[in-house]
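What follows is the content of final22.txt (compact mmCIF, C-alpha atoms).
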```txt
# COMPACT_ATOMS: atom_id res chain seq x y z
CA MET Q 956 47.41 -48.98 43.41
CA ALA Q 957 47.34 -46.47 40.59
CA SER Q 958 45.17 -44.16 38.56
CA LEU Q 959 43.87 -45.20 35.15
CA THR Q 960 43.91 -42.87 32.13
CA ILE Q 961 42.42 -43.63 28.71
CA ARG Q 962 43.15 -41.10 25.96
CA ASP Q 963 41.55 -40.97 22.49
CA LEU Q 964 41.27 -44.75 22.44
CA LYS Q 965 40.03 -46.28 19.20
CA LYS Q 966 39.52 -49.93 18.32
CA SER Q 967 38.60 -51.18 14.86
CA TYR Q 968 38.12 -54.56 13.26
CA GLY Q 969 38.89 -53.85 9.62
CA ALA Q 970 36.62 -51.01 8.54
CA VAL Q 971 34.30 -51.45 11.55
CA GLU Q 972 35.05 -49.00 14.34
CA ILE Q 973 34.13 -50.52 17.71
CA LEU Q 974 35.50 -47.83 20.07
CA LYS Q 975 35.39 -44.24 18.85
CA GLY Q 976 37.86 -42.03 20.67
CA ILE Q 977 37.22 -42.86 24.35
CA ASN Q 978 38.57 -40.43 26.99
CA ILE Q 979 38.31 -41.50 30.64
CA GLU Q 980 40.37 -40.82 33.75
CA ILE Q 981 39.79 -42.49 37.12
CA GLU Q 982 41.69 -41.54 40.25
CA ASP Q 983 43.85 -43.84 42.36
CA GLY Q 984 41.46 -46.04 44.35
CA GLY Q 985 38.41 -45.08 42.28
CA PHE Q 986 35.66 -47.42 41.14
CA LEU Q 987 34.84 -46.96 37.44
CA VAL Q 988 31.75 -48.64 36.02
CA LEU Q 989 31.39 -49.06 32.26
CA VAL Q 990 27.69 -49.34 31.50
CA GLY Q 991 25.58 -49.54 28.39
CA PRO Q 992 23.40 -51.90 26.33
CA SER Q 993 24.70 -55.08 24.73
CA GLY Q 994 27.08 -54.35 21.86
CA CYS Q 995 28.00 -50.85 23.03
CA GLY Q 996 31.72 -51.69 23.37
CA LYS Q 997 32.10 -51.86 27.14
CA SER Q 998 33.60 -55.37 27.25
CA THR Q 999 35.91 -54.51 24.35
CA LEU Q 1000 37.10 -51.45 26.29
CA LEU Q 1001 37.74 -53.60 29.37
CA ASN Q 1002 39.68 -56.10 27.26
CA THR Q 1003 41.91 -53.35 25.87
CA ILE Q 1004 42.72 -52.29 29.44
CA ALA Q 1005 43.52 -55.93 30.27
CA GLY Q 1006 45.66 -56.32 27.16
CA LEU Q 1007 43.41 -59.05 25.74
CA GLU Q 1008 42.62 -56.79 22.77
CA ASP Q 1009 45.09 -54.59 20.89
CA ILE Q 1010 44.13 -50.96 20.42
CA THR Q 1011 44.07 -49.27 17.02
CA SER Q 1012 45.16 -45.86 18.32
CA GLY Q 1013 45.26 -43.81 21.51
CA ASP Q 1014 46.82 -44.68 24.85
CA ILE Q 1015 46.13 -46.43 28.16
CA LYS Q 1016 48.09 -45.48 31.27
CA ILE Q 1017 48.16 -47.22 34.63
CA GLY Q 1018 49.68 -44.67 36.94
CA GLU Q 1019 52.28 -42.79 34.91
CA ASN Q 1020 53.15 -45.76 32.69
CA SER Q 1021 51.67 -46.46 29.26
CA VAL Q 1022 50.55 -50.09 28.94
CA ALA Q 1023 49.44 -49.87 25.29
CA GLY Q 1024 51.05 -52.84 23.54
CA LEU Q 1025 52.25 -54.34 26.84
CA HIS Q 1026 51.57 -58.06 27.43
CA PRO Q 1027 48.73 -58.70 29.96
CA SER Q 1028 51.15 -60.35 32.38
CA LYS Q 1029 53.18 -57.11 32.54
CA ARG Q 1030 50.26 -54.78 33.35
CA ASP Q 1031 49.81 -55.64 37.05
CA ILE Q 1032 46.07 -56.15 36.69
CA ALA Q 1033 43.74 -58.91 37.91
CA MET Q 1034 40.52 -59.84 36.13
CA VAL Q 1035 37.31 -61.49 37.32
CA PHE Q 1036 35.27 -63.04 34.51
CA GLN Q 1037 31.54 -63.59 34.15
CA SER Q 1038 32.06 -67.37 33.82
CA TYR Q 1039 34.13 -67.78 37.07
CA ALA Q 1040 36.71 -69.91 35.11
CA LEU Q 1041 37.58 -72.11 38.08
CA TYR Q 1042 39.59 -75.33 37.74
CA PRO Q 1043 37.09 -78.12 38.56
CA ASN Q 1044 39.73 -80.60 39.75
CA MET Q 1045 41.21 -78.16 42.29
CA SER Q 1046 39.95 -77.20 45.73
CA VAL Q 1047 38.94 -73.65 46.53
CA ALA Q 1048 42.29 -73.03 48.23
CA GLN Q 1049 44.18 -74.42 45.22
CA ASN Q 1050 42.16 -72.29 42.80
CA ILE Q 1051 42.92 -69.14 44.77
CA ALA Q 1052 46.62 -69.98 45.15
CA PHE Q 1053 47.21 -71.23 41.60
CA GLY Q 1054 48.45 -67.96 40.13
CA MET Q 1055 50.86 -67.41 43.02
CA GLU Q 1056 52.16 -70.96 42.65
CA MET Q 1057 52.84 -70.35 38.94
CA ARG Q 1058 54.81 -67.21 39.89
CA GLY Q 1059 56.93 -69.17 42.32
CA VAL Q 1060 55.58 -67.68 45.55
CA GLU Q 1061 56.65 -69.77 48.53
CA LYS Q 1062 54.00 -72.00 50.11
CA PRO Q 1063 53.90 -70.25 53.53
CA LYS Q 1064 53.22 -66.92 51.78
CA ARG Q 1065 50.61 -68.55 49.54
CA ASP Q 1066 48.84 -70.09 52.50
CA LYS Q 1067 48.82 -66.78 54.39
CA ALA Q 1068 47.45 -64.89 51.37
CA VAL Q 1069 44.73 -67.51 50.79
CA SER Q 1070 43.74 -67.41 54.46
CA ASP Q 1071 43.54 -63.61 54.50
CA VAL Q 1072 41.47 -63.41 51.31
CA ALA Q 1073 39.16 -66.23 52.40
CA GLU Q 1074 38.48 -64.39 55.65
CA LEU Q 1075 37.80 -61.14 53.76
CA LEU Q 1076 35.32 -62.89 51.45
CA GLN Q 1077 33.86 -65.11 54.20
CA ILE Q 1078 34.73 -68.38 52.46
CA SER Q 1079 37.19 -69.79 55.03
CA LYS Q 1080 34.98 -72.84 55.61
CA LEU Q 1081 34.93 -73.64 51.88
CA LEU Q 1082 38.67 -73.90 51.21
CA ASP Q 1083 38.69 -77.72 50.95
CA ARG Q 1084 35.67 -77.95 48.64
CA LYS Q 1085 35.67 -78.36 44.85
CA PRO Q 1086 33.86 -75.84 42.62
CA SER Q 1087 31.10 -78.38 41.90
CA GLN Q 1088 30.19 -78.29 45.60
CA LEU Q 1089 29.66 -74.52 45.64
CA SER Q 1090 26.72 -72.26 44.86
CA GLY Q 1091 26.95 -69.58 42.18
CA GLY Q 1092 27.62 -66.88 44.75
CA GLN Q 1093 30.34 -68.95 46.41
CA ARG Q 1094 32.02 -69.64 43.06
CA GLN Q 1095 32.05 -65.93 42.30
CA ARG Q 1096 33.67 -65.24 45.67
CA VAL Q 1097 36.39 -67.78 44.84
CA ALA Q 1098 36.98 -66.12 41.48
CA MET Q 1099 37.26 -62.78 43.27
CA GLY Q 1100 39.64 -64.31 45.81
CA ARG Q 1101 41.92 -65.53 43.04
CA ALA Q 1102 42.14 -61.94 41.78
CA LEU Q 1103 42.54 -60.41 45.24
CA VAL Q 1104 45.62 -62.43 46.18
CA ARG Q 1105 47.41 -60.84 43.25
CA ASN Q 1106 47.26 -57.45 45.04
CA PRO Q 1107 47.28 -55.73 41.63
CA GLN Q 1108 47.26 -52.05 40.76
CA VAL Q 1109 43.90 -52.40 38.98
CA PHE Q 1110 41.00 -54.87 39.34
CA LEU Q 1111 38.89 -55.62 36.25
CA PHE Q 1112 35.40 -57.13 36.57
CA ASP Q 1113 33.55 -58.34 33.45
CA GLU Q 1114 29.83 -58.63 34.38
CA PRO Q 1115 30.68 -60.82 37.39
CA LEU Q 1116 27.11 -61.01 38.73
CA SER Q 1117 25.13 -61.66 35.55
CA ASN Q 1118 24.87 -65.43 36.20
CA LEU Q 1119 23.41 -64.99 39.71
CA ASP Q 1120 19.79 -64.80 40.79
CA ALA Q 1121 18.28 -61.48 41.94
CA LYS Q 1122 18.94 -61.86 45.68
CA LEU Q 1123 22.50 -63.12 45.19
CA ARG Q 1124 23.20 -60.19 42.87
CA VAL Q 1125 22.23 -57.77 45.63
CA ASP Q 1126 24.27 -59.66 48.23
CA MET Q 1127 27.36 -59.87 46.04
CA ARG Q 1128 27.01 -56.23 45.01
CA THR Q 1129 27.23 -55.32 48.69
CA GLU Q 1130 30.25 -57.60 49.14
CA ILE Q 1131 32.07 -56.01 46.20
CA LYS Q 1132 31.40 -52.53 47.53
CA ARG Q 1133 32.56 -53.53 51.03
CA MET Q 1134 35.68 -55.12 49.56
CA HIS Q 1135 36.51 -51.96 47.62
CA GLN Q 1136 36.05 -49.80 50.71
CA ARG Q 1137 38.51 -51.99 52.62
CA MET Q 1138 41.15 -52.35 49.91
CA ALA Q 1139 40.74 -49.07 47.99
CA THR Q 1140 42.18 -50.63 44.84
CA THR Q 1141 41.42 -48.95 41.52
CA THR Q 1142 38.61 -50.95 39.92
CA VAL Q 1143 36.98 -51.10 36.48
CA TYR Q 1144 33.65 -52.91 36.40
CA VAL Q 1145 31.54 -53.75 33.33
CA THR Q 1146 27.77 -54.20 33.57
CA HIS Q 1147 24.59 -53.62 31.60
CA ASP Q 1148 22.68 -53.20 34.88
CA GLN Q 1149 22.27 -49.49 35.63
CA ILE Q 1150 21.38 -50.20 39.30
CA GLU Q 1151 24.78 -51.90 39.75
CA ALA Q 1152 26.40 -48.92 38.09
CA LEU Q 1153 24.70 -46.35 40.32
CA THR Q 1154 25.30 -48.24 43.57
CA LEU Q 1155 28.93 -49.31 43.05
CA ALA Q 1156 30.64 -46.54 41.12
CA THR Q 1157 32.58 -43.48 42.11
CA LYS Q 1158 32.54 -42.65 38.37
CA ILE Q 1159 30.34 -43.99 35.56
CA ALA Q 1160 31.08 -44.09 31.84
CA VAL Q 1161 27.91 -44.55 29.76
CA LEU Q 1162 28.62 -46.06 26.33
CA LYS Q 1163 26.47 -46.39 23.23
CA ASP Q 1164 27.60 -47.74 19.85
CA GLY Q 1165 31.26 -47.38 20.83
CA SER Q 1166 30.97 -43.72 21.84
CA LEU Q 1167 31.20 -42.25 25.32
CA GLN Q 1168 27.86 -40.57 26.02
CA GLN Q 1169 28.68 -39.20 29.47
CA PHE Q 1170 31.33 -39.60 32.16
CA GLY Q 1171 30.69 -38.46 35.72
CA THR Q 1172 29.65 -39.34 39.24
CA PRO Q 1173 26.48 -41.41 39.79
CA ASP Q 1174 24.68 -38.25 40.93
CA GLU Q 1175 25.72 -36.36 37.79
CA ILE Q 1176 24.71 -39.22 35.51
CA TYR Q 1177 21.29 -39.65 37.14
CA ASN Q 1178 20.31 -36.07 37.92
CA ASP Q 1179 22.18 -34.18 35.20
CA PRO Q 1180 22.04 -36.41 32.08
CA ALA Q 1181 23.86 -35.12 29.01
CA ASN Q 1182 21.39 -36.47 26.47
CA VAL Q 1183 18.18 -38.44 25.97
CA PHE Q 1184 19.97 -41.80 25.84
CA VAL Q 1185 21.63 -41.34 29.24
CA ALA Q 1186 18.40 -39.99 30.76
CA GLU Q 1187 16.37 -42.97 29.58
CA PHE Q 1188 19.01 -45.67 30.13
CA MET Q 1189 19.90 -44.73 33.70
CA GLY Q 1190 17.03 -45.12 36.14
CA SER Q 1191 14.23 -47.60 36.74
CA PRO Q 1192 11.51 -46.84 35.82
CA SER Q 1193 12.90 -44.76 33.00
CA MET Q 1194 12.63 -40.97 32.89
CA ASN Q 1195 9.30 -39.71 31.52
CA MET Q 1196 9.75 -37.93 28.18
CA LEU Q 1197 7.15 -35.65 26.55
CA THR Q 1198 7.67 -33.54 23.43
CA MET Q 1199 5.87 -30.18 23.55
CA PRO Q 1200 6.34 -26.73 22.02
CA VAL Q 1201 7.73 -23.88 24.11
CA GLU Q 1202 5.06 -21.17 24.48
CA GLN Q 1203 5.04 -17.68 25.96
CA ASP Q 1204 2.42 -15.45 27.57
CA ALA Q 1205 2.45 -12.55 30.02
CA GLY Q 1206 3.59 -14.95 32.75
CA GLY Q 1207 6.65 -16.06 30.81
CA LEU Q 1208 7.67 -19.27 29.06
CA PHE Q 1209 5.54 -22.38 29.53
CA MET Q 1210 4.53 -25.76 28.12
CA THR Q 1211 1.09 -27.35 28.05
CA LEU Q 1212 0.37 -30.81 29.45
CA LYS Q 1213 -2.84 -32.29 28.09
CA ARG Q 1214 -4.76 -34.88 30.11
CA GLU Q 1215 -6.89 -37.65 28.62
CA ASP Q 1216 -10.09 -35.62 29.02
CA GLY Q 1217 -8.57 -32.80 26.97
CA SER Q 1218 -8.03 -30.44 29.89
CA ALA Q 1219 -4.70 -28.63 30.05
CA ILE Q 1220 -2.09 -27.91 32.70
CA ARG Q 1221 0.18 -24.92 32.27
CA VAL Q 1222 3.78 -25.82 33.16
CA PRO Q 1223 5.98 -22.74 33.77
CA LEU Q 1224 9.51 -22.99 32.40
CA PRO Q 1225 12.78 -21.41 33.51
CA ASP Q 1226 13.50 -18.24 31.56
CA ASN Q 1227 16.86 -19.09 30.01
CA ALA Q 1228 18.45 -18.50 26.64
CA ALA Q 1229 18.29 -22.16 25.58
CA LEU Q 1230 14.52 -22.36 26.01
CA ARG Q 1231 13.87 -18.86 24.67
CA GLY Q 1232 15.69 -19.93 21.52
CA LYS Q 1233 13.15 -22.75 21.12
CA LEU Q 1234 10.05 -20.52 21.34
CA GLY Q 1235 7.32 -22.03 19.18
CA LYS Q 1236 9.38 -25.16 18.56
CA PRO Q 1237 9.10 -28.62 20.14
CA VAL Q 1238 11.32 -29.50 23.11
CA ILE Q 1239 11.58 -32.78 25.03
CA PHE Q 1240 10.46 -32.32 28.66
CA GLY Q 1241 12.00 -34.97 30.96
CA LEU Q 1242 10.93 -35.78 34.51
CA ARG Q 1243 11.96 -38.67 36.76
CA PRO Q 1244 9.07 -40.71 38.24
CA GLU Q 1245 10.01 -39.63 41.78
CA ALA Q 1246 9.58 -35.99 40.72
CA LEU Q 1247 5.92 -36.78 39.94
CA THR Q 1248 4.48 -38.02 43.23
CA ASP Q 1249 1.77 -37.64 45.83
CA PRO Q 1250 1.85 -34.20 47.50
CA ALA Q 1251 2.77 -35.65 50.91
CA SER Q 1252 5.91 -37.22 49.44
CA ALA Q 1253 6.98 -34.24 47.34
CA ASP Q 1254 10.33 -32.60 48.06
CA ARG Q 1255 9.23 -29.18 49.29
CA THR Q 1256 12.80 -28.09 50.05
CA ALA Q 1257 13.71 -28.11 46.36
CA THR Q 1258 14.27 -24.83 44.59
CA GLY Q 1259 11.76 -24.12 41.86
CA GLU Q 1260 8.01 -24.51 41.57
CA LEU Q 1261 5.96 -27.42 42.90
CA LEU Q 1262 2.92 -27.83 40.67
CA GLU Q 1263 -0.10 -29.82 41.92
CA ALA Q 1264 -2.88 -31.12 39.68
CA ASP Q 1265 -5.37 -33.99 39.36
CA PHE Q 1266 -4.55 -36.89 37.04
CA LEU Q 1267 -6.59 -39.90 35.92
CA ILE Q 1268 -4.66 -43.03 36.89
CA ASP Q 1269 -4.74 -45.72 34.21
CA VAL Q 1270 -3.01 -48.48 36.16
CA THR Q 1271 -1.03 -48.93 39.39
CA GLU Q 1272 1.93 -51.23 39.93
CA PRO Q 1273 2.62 -51.96 43.63
CA ALA Q 1274 6.36 -52.40 44.28
CA GLY Q 1275 6.68 -52.74 48.03
CA ALA Q 1276 7.82 -49.43 49.47
CA ASP Q 1277 6.56 -47.59 46.36
CA VAL Q 1278 3.62 -47.72 43.98
CA TYR Q 1279 4.11 -46.83 40.32
CA ALA Q 1280 1.05 -45.01 39.02
CA VAL Q 1281 0.67 -44.64 35.25
CA THR Q 1282 -1.30 -41.78 33.74
CA THR Q 1283 -1.59 -40.46 30.18
CA LEU Q 1284 -0.31 -37.02 29.19
CA ASN Q 1285 -0.04 -35.67 25.67
CA GLY Q 1286 -1.00 -39.11 24.41
CA ARG Q 1287 1.90 -40.88 26.16
CA HIS Q 1288 2.11 -43.02 29.28
CA VAL Q 1289 3.78 -41.24 32.20
CA THR Q 1290 4.88 -42.96 35.42
CA ALA Q 1291 4.60 -41.42 38.88
CA ARG Q 1292 6.23 -42.87 42.00
CA VAL Q 1293 3.95 -42.58 45.03
CA LYS Q 1294 3.79 -44.05 48.52
CA PRO Q 1295 1.27 -46.82 49.30
CA SER Q 1296 -0.30 -44.51 51.87
CA ALA Q 1297 -1.36 -42.19 49.02
CA ALA Q 1298 -4.16 -44.69 48.25
CA VAL Q 1299 -3.99 -44.18 44.49
CA HIS Q 1300 -6.37 -46.46 42.56
CA ASP Q 1301 -6.86 -47.60 38.96
CA GLY Q 1302 -9.44 -45.61 37.04
CA GLN Q 1303 -9.65 -42.82 39.61
CA ASN Q 1304 -8.32 -39.29 39.76
CA ALA Q 1305 -5.37 -38.67 42.06
CA ARG Q 1306 -3.67 -35.49 43.19
CA LEU Q 1307 -0.02 -35.47 42.11
CA ALA Q 1308 2.78 -32.93 42.51
CA LEU Q 1309 5.32 -32.13 39.80
CA ASN Q 1310 8.69 -31.00 41.11
CA LEU Q 1311 9.66 -28.68 38.27
CA ALA Q 1312 13.12 -28.15 39.78
CA ARG Q 1313 13.89 -31.71 38.65
CA ALA Q 1314 12.73 -31.18 35.05
CA VAL Q 1315 15.32 -31.42 32.27
CA PHE Q 1316 15.01 -30.41 28.62
CA PHE Q 1317 16.43 -31.86 25.42
CA ASP Q 1318 16.63 -30.86 21.76
CA PRO Q 1319 14.52 -33.35 19.74
CA ALA Q 1320 16.85 -33.05 16.73
CA THR Q 1321 20.21 -33.58 18.42
CA GLN Q 1322 18.90 -35.43 21.52
CA ASP Q 1323 21.35 -33.32 23.55
CA ARG Q 1324 20.56 -31.51 26.79
CA LEU Q 1325 19.39 -27.88 26.62
CA ARG Q 1326 21.10 -25.83 29.33
```

As structure tokens:
Amino acid sequence: MASLTIRDLKKSYGAVEILKGINIEIEDGGFLVLVGPSGCGKSTLLNTIAGLEDITSGDIKIGENSVAGLHPSKRDIAMVFQSYALYPNMSVAQNIAFGMEMRGVEKPKRDKAVSDVAELLQISKLLDRKPSQLSGGQRQRVAMGRALVRNPQVFLFDEPLSNLDAKLRVDMRTEIKRMHQRMATTTVYVTHDQIEALTLATKIAVLKDGSLQQFGTPDEIYNDPANVFVAEFMGSPSMNMLTMPVEQDAGGLFMTLKREDGSAIRVPLPDNAALRGKLGKPVIFGLRPEALTDPASADRTATGELLEADFLIDVTEPAGADVYAVTTLNGRHVTARVKPSAAVHDGQNARLALNLARAVFFDPATQDRLR
């Protein structure tokens, strides 16, 4: 096992810059998730770590050793691909053992390693089957097993669950997390699914257009987003965003929420230099759906003000343990997350509580967080 350090990494194809000075460091045994929309550069970054893509400049270190320019076979990494890439004419056991056989590992050691990995992944009963006889989830376990027997310093996963149905994705996500807890091998995992990122990672790197938008723990990424892109990309439903001017009266700084009927709600703001500097100017007010909820579900232990008001509910979306209630504020749809017991109904007013301690503010021009 080893740490992974990426310093000022750039990758260009001709004049097109794909990766723009990426800086990331993950500790020994950490689980790094690279997340972002399609085309953001996350798979390219993974491929540079694997040695499948050359870098234009910068450095990649595994442990204390630079691997920039080193052949993939010399990097002591193992990769799990989206497509499984299993040999159809080989059994499960042969697929898992193939790499060891090519490296000249003796058969008794190969058999022991295959047995141990199969037990870990709960595929011992499948060892004699061919890939065509397996489900998608079973094939992905075999692909993982082939990587695990390598016992590498770093595991690389390239969207390994994207071909699975919703339930299998959840099941396999749990298996990957359990596997990492047992083995504690440094892991880099690429996905466009922000739920996978939040549930699996010890650290998340959010990418957009080849640039690193934010790097931090799942809690930091979700609750302390660095900019509008991170705030909107991470979380489902997305963070509510309203643009309003900062105002001031005898009570201090505030913003005004306007309901559909034209009535207003005064929202007190924290008195800090960043917001004072925006007096009279528009600022983006961001609030997660769970911070706009029925009063019974509101977090009353949070520091800051809890503001209750009545809102006209346009539409409700039942989602099992939660109900998403959509209202209109300042001409935009805003989503609240309430409990089914709140009995919120379409076309009726409902009492909701805003947890202002969870509010975040952004500069509309730069899209960056105001602190």

Taking only residues of region 983-1102 of chain Q that have an atom at most 10 Å from an atom of region 1168-1171 of chain Q, what is each one's shortest atom pair and its distance in Å to one decimal, using all atoms listed in the file, in chain and number order, as CSV?
```
residue,atom,partner,partner_atom,distance
Q:Leu987,CA,Q:Gly1171,CA,9.6
Q:Val988,CA,Q:Phe1170,CA,9.8
Q:Leu989,CA,Q:Phe1170,CA,9.5
Q:Gly991,CA,Q:Gln1168,CA,9.6
```

| message | Just checking: using all atoms listed in the file, which residue out of Q:Asn1050, Q:Ser1218, Q:Ser1117, Q:Ser998 ends up closest to Asp1148 (chain Q)? | response |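 Nearest to Asp1148 (chain Q): Q:Ser1117.
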
| note | With distances taken over only C-alpha atoms, the candidate from Q:Ser1012, Q:Thr1248, Q:Gln1093, Q:Ser1166 nearest Lys975 (chain Q) is Q:Ser1166

| task | Please measure the separation of CA of Lys1163 (chain Q) and CA of Asn1195 (chain Q), giving the value in Å to one decimal. | result |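 Pair CA of Lys1163 (chain Q) / CA of Asn1195 (chain Q) returns 20.2 Å.
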
| message | Taking 2 positions as the minimum chain separation for residues in the same chain, which residues sit within 12 Å of Arg1287 (chain Q) when counting all atoms listed in the file? Answer as a ChimeraX atom specification. | response | /Q:1195-1199,1212-1215,1269,1281-1285,1289-1290

| Top pick for closest residue to Asp1216 (chain Q), considering Q:Thr1154, Q:Asn1304, Q:Gln1322, Q:Asn1182 and counting all atoms listed in the file | Q:Asn1304

| request: With a distance cut-off of 9 Å and all atoms listed in the file, select the neighbouring residues of region 1076-1081 of chain Q, excluding the residue or stretch itself and same-chain residues fewer than 5 positions from it, and output the selection as an MDAnalysis selection string. | output: chainID Q and resid 1046:1048 1069:1071 1089 1093 1096:1097 1099:1100 1130 1134

| field | Best match for closeness to Phe1240 (chain Q) among Q:Ala1264, Q:Ala1274, Q:Ala1205, Q:Ala1186, counting only C-alpha atoms | value | Q:Ala1186

| message | For a quick check of understanding, using only C-alpha atoms, which of Q:Met1194, Q:Ala1121, Q:Leu1208, Q:Ala1308 has the smallest distance to His1288 (chain Q)? | response |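 The closest residue to His1288 (chain Q) is Q:Met1194.
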
| query | Using only C-alpha atoms, which residue out of Q:Val1238, Q:Pro1107, Q:Ser958, Q:Arg1065 lies closest to Ser1021 (chain Q)? | reply |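 For Ser1021 (chain Q), the nearest of the given residues is Q:Ser958.
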
Just want the 12 Å neighbourhood of Val1145 (chain Q), counted on all atoms listed in the file, with same-chain residues fewer than 4 positions away dropped. Output as a PDB file with C-alpha atoms, keeping the file's coordinate frame.
```pdb
ATOM      1  CA  PHE Q 986      35.660 -47.420  41.140  1.00  0.00           C
ATOM      2  CA  LEU Q 987      34.840 -46.960  37.440  1.00  0.00           C
ATOM      3  CA  VAL Q 988      31.750 -48.640  36.020  1.00  0.00           C
ATOM      4  CA  LEU Q 989      31.390 -49.060  32.260  1.00  0.00           C
ATOM      5  CA  VAL Q 990      27.690 -49.340  31.500  1.00  0.00           C
ATOM      6  CA  GLY Q 991      25.580 -49.540  28.390  1.00  0.00           C
ATOM      7  CA  PRO Q 992      23.400 -51.900  26.330  1.00  0.00           C
ATOM      8  CA  SER Q 993      24.700 -55.080  24.730  1.00  0.00           C
ATOM      9  CA  CYS Q 995      28.000 -50.850  23.030  1.00  0.00           C
ATOM     10  CA  GLY Q 996      31.720 -51.690  23.370  1.00  0.00           C
ATOM     11  CA  LYS Q 997      32.100 -51.860  27.140  1.00  0.00           C
ATOM     12  CA  SER Q 998      33.600 -55.370  27.250  1.00  0.00           C
ATOM     13  CA  THR Q 999      35.910 -54.510  24.350  1.00  0.00           C
ATOM     14  CA  LEU Q1000      37.100 -51.450  26.290  1.00  0.00           C
ATOM     15  CA  LEU Q1001      37.740 -53.600  29.370  1.00  0.00           C
ATOM     16  CA  ASN Q1002      39.680 -56.100  27.260  1.00  0.00           C
ATOM     17  CA  ILE Q1004      42.720 -52.290  29.440  1.00  0.00           C
ATOM     18  CA  MET Q1034      40.520 -59.840  36.130  1.00  0.00           C
ATOM     19  CA  VAL Q1035      37.310 -61.490  37.320  1.00  0.00           C
ATOM     20  CA  PHE Q1036      35.270 -63.040  34.510  1.00  0.00           C
ATOM     21  CA  GLN Q1037      31.540 -63.590  34.150  1.00  0.00           C
ATOM     22  CA  PHE Q1110      41.000 -54.870  39.340  1.00  0.00           C
ATOM     23  CA  LEU Q1111      38.890 -55.620  36.250  1.00  0.00           C
ATOM     24  CA  PHE Q1112      35.400 -57.130  36.570  1.00  0.00           C
ATOM     25  CA  ASP Q1113      33.550 -58.340  33.450  1.00  0.00           C
ATOM     26  CA  GLU Q1114      29.830 -58.630  34.380  1.00  0.00           C
ATOM     27  CA  PRO Q1115      30.680 -60.820  37.390  1.00  0.00           C
ATOM     28  CA  LEU Q1116      27.110 -61.010  38.730  1.00  0.00           C
ATOM     29  CA  SER Q1117      25.130 -61.660  35.550  1.00  0.00           C
ATOM     30  CA  GLN Q1149      22.270 -49.490  35.630  1.00  0.00           C
ATOM     31  CA  GLU Q1151      24.780 -51.900  39.750  1.00  0.00           C
ATOM     32  CA  ALA Q1152      26.400 -48.920  38.090  1.00  0.00           C
ATOM     33  CA  LEU Q1155      28.930 -49.310  43.050  1.00  0.00           C
ATOM     34  CA  ALA Q1156      30.640 -46.540  41.120  1.00  0.00           C
ATOM     35  CA  ILE Q1159      30.340 -43.990  35.560  1.00  0.00           C
ATOM     36  CA  ALA Q1160      31.080 -44.090  31.840  1.00  0.00           C
ATOM     37  CA  VAL Q1161      27.910 -44.550  29.760  1.00  0.00           C
ATOM     38  CA  LEU Q1162      28.620 -46.060  26.330  1.00  0.00           C
TER      39      LEU Q1162
END
```

| How many Å lie between CA of Glu1074 (chain Q) and CA of Met1055 (chain Q), rounded to one decimal? |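 Pair CA of Glu1074 (chain Q) / CA of Met1055 (chain Q) returns 17.9 Å.
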
| request: Find the distance between CA of Glu1187 (chain Q) and CA of Pro1200 (chain Q) and write it in Å to one decimal. | output: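 Answer for the CA of Glu1187 (chain Q) to CA of Pro1200 (chain Q) separation: 20.5 Å.
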